Structures are given as C-alpha cells and as structure tokens.
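> Can you read through this structure? Questions will come right after.
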There are 2 protein chains.
Amino acid sequence: MKVITSTHGNGGRLTHQLIQDVFKKHLPMADLSDNDSCPLPSENLVVTTDAHAIDPIIFPGGDIGKLSVTGTINDLLASGAKPLGLSASFLLHEGLPLETLEAVLFSMGKEMHEHDMLFYSGDTKVVPGNGEMGLYISTTGFGSNIQNPPHPNRLREGMDIICTGPIASHGVCILGLRNGIDLTKNIKSDVASLYPMVKDLFVGDLIECFRDATRGGILTTLYELTQDTPLVAELIENDIPISKEVKAACEILGLQPLEVANEGVALIFCRAESTDSILTHLKQYSTGKDARKIGTLRPNSSRVKVHLKTSIGGTRAVAWTNAENLPRIC
Amino acid sequence: MKVITSTHGNGGRLTHQLIQDVFKKHLPMADLSDNDSCPLPSENLVVTTDAHAIDPIIFPGGDIGKLSVTGTINDLLASGAKPLGLSASFLLHEGLPLETLEAVLFSMGKEMHEHDMLFYSGDTKVVPGNGEMGLYISTTGFGSNIQNPPHPNRLREGMDIICTGPIASHGVCILGLRNGIDLTKNIKSDVASLYPMVKDLFVGDLIECFRDATRGGILTTLYELTQDTPLVAELIENDIPISKEVKAACEILGLQPLEVANEGVALIFCRAESTDSILTHLKQYSTGKDARKIGTLRPNSSRVKVHLKTSIGGTRAVAWTNAENLPRIC
C-alpha cells in the first residue's frame, strides 16, 4: 500500500509528482500552469474561510472532501453569495494511504463539478501522523454577491424561523463512529450543499436571513444572530425536526441536540406571510423534505436568547453554555 | 497557565470569546462584523494559498505567525502581485498555551500592519495535540496584479540569475533546533518579506522573472522554472551566497544547501545589462545586502537543469532528487 511520506512534503520531485498526478487529476483547476497563484474572475467577490478537521475522515453520508466543498458553499450562501470556486491547502498526515487521499479528492472534485466551481490555488504540506485523522483541508471560498442578499440586520420581531432539515445527525453520526457506539450505527451525516435548494429563494427577496447551523448547532446560530438585538427566538420543541434515532441517541448520551453540529441544515428567517411558500419550495428537495417552521422571533430584553416551548406546555430558557458536554468530532 | 482545550473548538461560547478577545485584538480585520465572510477590495485580484506547518513554531529569526504572512507576501510577489491582504484558518492543537498563541498572532499582526494588509476572513478549529507543534496556519493571500509582471515565460538564454541572499539558513536553523544540534545554534532563519526590497524593481520592467526559493531550495525553484524549456541554469558554485556557519553545518550534516528551504531568499532573472543596477538596488536592503549574480541561463536540451561550475574548475550536473536527505522541518 502506497502511503504519504515526509518526502511528499519536502518540495522535491515527489511533491511535484503528487500535485501533478493526484491533485490535478481530480480537481477542476482554473489554471493549469505551475504558477502558485491565479487571477480571480470578477468583481463583487465575497470570500469565506474554513478549516476542516474531522475524525474519521470518511463517514456514512460523506467524507472530508465532500464536507470541505459543501461547507464552503453553505458558508458562501450564508454570506449572500453564489459559489464560484475555492482555493484549498491540504495538511497530509504521514502514513495516509494514497488511495484514501484519492477518494477524498474524488469527492471534492465531484462536488465542485456539480456546482461549476473552479479550483483557484492550492498547497500541500506533510505533517507527522496523528492517529486516525489522515488530513486536514483548509478552504477559502469565492462567491459573487447576490443583490440585496439575506442578512442578519434584516431580522425583526414576528419573523418566522424555519429549520430546513432534521438536526444533529452529523454530530451524532461522528460521535458514534469515534466511540464505537452501536446505537448510532444507522445514522448518516447530513453533509450536503444547500445551494440547489435555496438558490431560487435568494432571488425573490423572500428570505430575510439565512445561516447554516454547523458547529454549536442551531443554538449557537440563534445566539450569534440575536445576541446584539432586543429579540429572542421562541421555539416550539415538538416542531423541531429530528429523526427518532438521533433523538434517542441524544437522550441516552446526554446531549442537547440543539447544540450538536449539522453540515447540511440551515435556519431561514422570513416574514410570516412568506413561510408557507418557502416551505413548499424547500420540500421539493431531498435536503428540505423535512423542513418545518420551528418558532418565531419575539421582542425580549433577556440575555437568554432561546426560549423553548416544551411538549408539556411550559417554557424553558436555554442558555448558551460553553458546550463542555459536546462530543469532540475532530 | 491557560491552554487551548477542545472546548475552544466546539463552536460554543468559548470559541466565540477566543475569536473576539484574542484573534480580533491582534489582526487588522477588514470587517469587524460577525459575518463569516467579507467582500474583497478590487479588480485584478490574484490569489495564492499556503499551508504553514513548522516545528518548533517559534525559532531564531521568527515564528509561524511571521512566516505565514511573509510567505504569503513572497508568494504574491512571485505571482506578480502587490500584497493587499489575506484570509487564514488556524488549526490549534489542544494544549497550546494561550500566551504562545497570542505571541504568534502578535507577529502576524505586526507583519500585516507593516504591509498595510487587511485580514479578510478567518476560522479556527481545535485538533488533538501533536507533540510540540502547537498550531498550523493556512493562508490565502490576495494581491493586485502588477502591469506586465515578471513571469517564467519571459526566461531566455543569456539571462543572468541573481540570488538575493545567503541560502539555506532557514532549513538549517530549524533542523538544528529539531535535533538539538549544537553546531547550528547561532544560525537564524532568513524568514522575511521581500516586498520592501523588490517593489520598486517590479515597476521598471528590469526583472524578467522572480521567484522566492522556499521548500526544496533554489534547486527546486530552478528545476520548476526551466523544466519545460530548452534552458539550463549554469551556476558558479563559489558565487552562491551562503554563510560560513550554514555551509559548515551542511557539510557536516551531509546536506545539499541548494535543496535546503529558505524563507526570505529569491531568485531574480534579468537581462545581463540590468544585473548591476539590480544588485545596487538590492544591496540597500538588509534582505539583499549579500545579493550576488550566481549564474546564467544557457541553451541546453539536457534533462538535468542545473550545472554547477565548481571551485576546482569542473562542471557538475545536479539532479533534482526526491530530496530524501532533506531535513524534515515540519
């Protein structure tokens, strides 16, 4: 079995061959010259940056290659931009099997091709092996600004909150794999690009704010969006989409599903009169078939920004903790 | 001593505080909003990408923070672009002391301020600790295209090759530190931005090609630039600038200095009539005070692209090896 060695990283001929024979084969290069850089395509560019580290690097539903591209796309969407391309640097761990690297790059290339994205610039380094991880991928995404994009400063009281899909699958899937938990073995990560589902919604001015809910789950997203506003998110616990398996796993493992990471789930904020047509649109897509309205923004000066109406009729304030209890997924 | 823990990486409140209180304090943010993205400044943008991994992260002459910024600047210059700013993602190793992180970010911010560069976008993740490394930094540099920049396709026979400073100091310094070699203890890394020294040269059309010689040393740079041309680099061994200490260390350690990494040394290719005025200019700067003409491009169909005229009067062809013998510096 061929594996990555420190020699692949020292800048000599083997580094050069790895880039020519493996990276350039899979990735849709914007410029095939050997220059280290590439001119960018247009005006109105938006840039996002993301470091992707996950263990294991291949998991039910995807791998770090797919994750690095879809995560970048979803970040660009959250910034009100249409994805154009990305640059990426790869920190390869010594001992990484070459066929694993190829599988990851194939996934990356596949997602990029499906979104007509170009690869603008890249770098690889080899670092000492680190258990099972295999590689880290850092991406910088480039997008073109949408006119009048959704934005947190458009949040107002009375707006509805839509969750585009079942929460916490990604985090619970990875936690289960890392710890060999039998209970989670049928749970797949939700890793997916949200672009096909939301691109038409962005044009019609229907959406006031859009944010994919990744690390820290929908709880962190809600806190980040409301913490400097006089608003709180009032959620109906029973309306929050979550699969039975994920819910059961969270209960047994003592996890708060609102805090668990997603990789293909977003929160959409909209005027109440738009909610039904947005839901109808979302439900046409596999990533949106379980979309639900989960609550409403209410005026409230409380520092506790998420209030949960529970199934037994009470209301529970959910604090933004340090999330000490969150599973490590990288 | 406060250290980075996995909780700093899970997206909860502690992640947020780390970004607000530590990262934003040191880095010249283009946009202080909490958005994940930022619009880019202008047309004619050029992008470069670099992963920075070095062990130890702090070394004589610099640290990984300085290295990540100056490496990005030098890459942009090699692409014919003036540096404008960068985005960066940080993979922090669990156990990294917070004061070490602050020192690295301070260095990064200092270099960025000195070059009027802005920080456009960032991300942090926490990964399991890995011995002494501490952190990896991946940067994406943004620059604005210079008109008619130096470019490898302008290389012609008869052009002179200038080396801007003593070679191999960076690689030998790091190798010595990693292995506790007494012999190298007075050797400092050459890590430096080349922008102040070369910015005026880029305007006057004096330079045909410019490339910083990092991983793989000046040998790799020469091979990369000439391998698809009918040219070879004929070097005069005695004219290649190298400090006595570094030369002695390379001899004792069995290293080929032409292959050892630099972080503040470039090769400049120019028409023979421009050589003297370029050298006069370079010598005004600390990074260029030892600049020398080291050889000439000659027509030759050989696949061995570097020919060394040795001090005893012979000529030795230097192959581009897999550089198996190179010290690991990350």
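Note on naming: chains are A, B, ... as they come in the structure tokens, residues start from 1 per chain, ligands start from 1 in the order shown.
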As a PyMOL selection string, please: the residues near Ile19 (chain A) (cut-off 12 Å, only C-alpha atoms, same-chain neighbours under 2 positions excluded).
chain A and resi 8-9+11-17+21-27+29+32-34+36+89-90+101-102+105+121-125
> Which residues of region 132-184 of chain A come within 6 Å of region 199-221 of chain A, and for each one, what is the closest pair of atoms and their distance in Å to one decimal, counting only C-alpha atoms, sorted by chain and residue number, as JSON lines?

```
{"residue": "A:Pro150", "atom": "CA", "partner": "A:Cys209", "partner_atom": "CA", "distance": 4.4}
{"residue": "A:His151", "atom": "CA", "partner": "A:Cys209", "partner_atom": "CA", "distance": 4.8}
{"residue": "A:Pro152", "atom": "CA", "partner": "A:Cys209", "partner_atom": "CA", "distance": 5.5}
{"residue": "A:Arg154", "atom": "CA", "partner": "A:Glu208", "partner_atom": "CA", "distance": 5.7}
```
> Residues as selected, N, CA and C atoms, written as a compact mmCIF listing (two decimals), in the first residue's frame, can you do that?

```
# COMPACT_ATOMS: atom_id res chain seq x y z
N PRO A 150 -29.99 38.06 1.80
CA PRO A 150 -30.43 37.90 3.18
C PRO A 150 -29.31 38.36 4.12
N HIS A 151 -29.67 38.95 5.24
CA HIS A 151 -28.64 39.47 6.14
C HIS A 151 -29.18 39.56 7.57
N PRO A 152 -28.34 39.27 8.56
CA PRO A 152 -28.82 39.34 9.95
C PRO A 152 -29.42 40.71 10.32
N ARG A 154 -31.52 42.27 8.86
CA ARG A 154 -32.93 42.33 8.44
C ARG A 154 -33.85 41.58 9.41
```
> Distance CA of Leu96 (chain B)-CA of Tyr136 (chain B), one decimal place?
11.3 Å
> Step one, run DSSP on the backbone; step two, keep only residues of region 70-258 of chain B assigned to alpha helix (DSSP H); then write them as an MDAnalysis selection string.
chainID B and resid 70:78 98:114 169:179 195:203 217:226 244:253
> Grab the residues selected above and save them as a tab-separated table (two decimals), in the first residue's frame with C-alpha atoms.

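Dumped to part.tsv:
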```tsv
chain	number	residue	atom	x	y	z
B	70	THR	CA	5.83	36.88	4.85
B	71	GLY	CA	5.44	33.56	3.00
B	72	THR	CA	2.12	34.80	1.63
B	73	ILE	CA	3.63	38.14	0.63
B	74	ASN	CA	6.56	36.47	-1.15
B	75	ASP	CA	4.18	34.11	-2.97
B	76	LEU	CA	2.11	37.06	-4.15
B	77	LEU	CA	5.26	38.81	-5.37
B	78	ALA	CA	6.29	35.66	-7.25
B	98	LEU	CA	-2.75	30.83	25.12
B	99	GLU	CA	0.26	33.10	25.56
B	100	THR	CA	2.05	31.28	22.75
B	101	LEU	CA	-0.98	31.77	20.52
B	102	GLU	CA	-1.00	35.47	21.43
B	103	ALA	CA	2.71	35.79	20.60
B	104	VAL	CA	2.15	34.18	17.19
B	105	LEU	CA	-0.86	36.39	16.44
B	106	PHE	CA	1.08	39.47	17.53
B	107	SER	CA	3.83	38.61	15.00
B	108	MET	CA	1.24	38.03	12.33
B	109	GLY	CA	-0.49	41.32	13.03
B	110	LYS	CA	2.83	43.20	13.10
B	111	GLU	CA	3.83	41.99	9.63
B	112	MET	CA	0.36	42.69	8.29
B	113	HIS	CA	0.35	46.23	9.71
B	114	GLU	CA	3.80	46.92	8.26
B	169	SER	CA	19.69	29.44	6.70
B	170	HIS	CA	16.03	28.73	7.39
B	171	GLY	CA	16.19	24.98	6.83
B	172	VAL	CA	19.45	24.52	8.71
B	173	CYS	CA	18.21	26.64	11.63
B	174	ILE	CA	15.03	24.57	12.00
B	175	LEU	CA	16.82	21.26	11.50
B	176	GLY	CA	19.30	22.20	14.21
B	177	LEU	CA	16.54	23.16	16.64
B	178	ARG	CA	14.56	19.99	15.99
B	179	ASN	CA	17.54	17.79	16.59
B	195	TYR	CA	8.34	43.28	-0.65
B	196	PRO	CA	10.21	46.39	0.56
B	197	MET	CA	13.31	45.32	-1.37
B	198	VAL	CA	11.71	44.42	-4.68
B	199	LYS	CA	8.63	46.62	-5.01
B	200	ASP	CA	10.45	49.34	-6.95
B	201	LEU	CA	12.20	46.81	-9.18
B	202	PHE	CA	8.86	45.39	-10.29
B	203	VAL	CA	7.75	48.70	-11.75
B	217	GLY	CA	15.61	25.33	-2.03
B	218	ILE	CA	16.98	27.15	-5.06
B	219	LEU	CA	17.48	23.78	-6.82
B	220	THR	CA	13.75	23.08	-6.89
B	221	THR	CA	12.99	26.63	-7.99
B	222	LEU	CA	15.44	26.34	-10.87
B	223	TYR	CA	14.01	22.97	-11.95
B	224	GLU	CA	10.42	24.20	-11.75
B	225	LEU	CA	11.20	27.23	-13.86
B	226	THR	CA	13.30	25.53	-16.53
B	244	LYS	CA	30.18	30.15	6.70
B	245	GLU	CA	28.19	28.62	9.56
B	246	VAL	CA	25.47	27.30	7.28
B	247	LYS	CA	27.98	25.94	4.79
B	248	ALA	CA	29.92	24.14	7.52
B	249	ALA	CA	26.71	22.72	9.01
B	250	CYS	CA	25.59	21.45	5.61
B	251	GLU	CA	28.94	19.75	5.02
B	252	ILE	CA	28.97	18.04	8.39
B	253	LEU	CA	25.29	17.04	8.21
```
> Would you mind reading off the distance between CA of Ala30 (chain B) and CA of Val3 (chain B), one decimal, in Å?
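Distance between the two atoms: 27.7 Å.
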> So which one's closest to Gly80 (chain A), A:Ile58, A:Val47, A:Ala319, A:Ile146? Using only C-alpha atoms, please.
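Checking each of A:Ile58, A:Val47, A:Ala319, A:Ile146 against Gly80 (chain A), counting only C-alpha atoms, the winner is A:Ile146.
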> Would you please extract all strand (DSSP E or B) residues from region 71-202 of chain A, as assigned by DSSP on the backbone, and give them as a PyMOL selection string?
chain A and resi 81-93+97+118-127+135-145+160-163
> Excluding same-chain residues fewer than 2 positions from Gly313 (chain B), what lies within 12 Å of it counting only C-alpha atoms, as number ranges by chain?
B: 236-238, 308-311, 315-316
> Limited to C-alpha atoms, could you put the picked residues into a file as a CSV table (one decimal), in the first residue's frame?

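What follows is the written file result09.csv:
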```csv
chain,number,residue,atom,x,y,z
B,236,ILE,CA,29.2,29.3,-10.3
B,237,GLU,CA,29.4,27.4,-7.1
B,238,ASN,CA,31.7,30.0,-5.4
B,308,LEU,CA,27.4,23.8,-11.2
B,309,LYS,CA,30.9,25.2,-12.1
B,310,THR,CA,32.9,24.0,-9.1
B,311,SER,CA,35.7,25.8,-7.4
B,315,THR,CA,31.3,21.3,-14.0
B,316,ARG,CA,28.9,19.1,-12.1
```
> Considering only C-alpha atoms, can you say which of B:Gln227, B:Gln256, B:Thr321, B:Asn300 comes closest to chain A?
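Using only C-alpha atoms, the shortest distance to chain A belongs to B:Thr321.
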> Rounded to one decimal in Å, what is the spacing between CA of Ala81 (chain A) and CA of Ile268 (chain A)?
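That distance, rounded to one decimal, is 15.4 Å.
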> Which residue out of B:Asn44, B:Thr229, B:Ser6, B:Ser193 has the minimum interatomic distance to Ala266 (chain B) when only C-alpha atoms are used?
B:Ser193
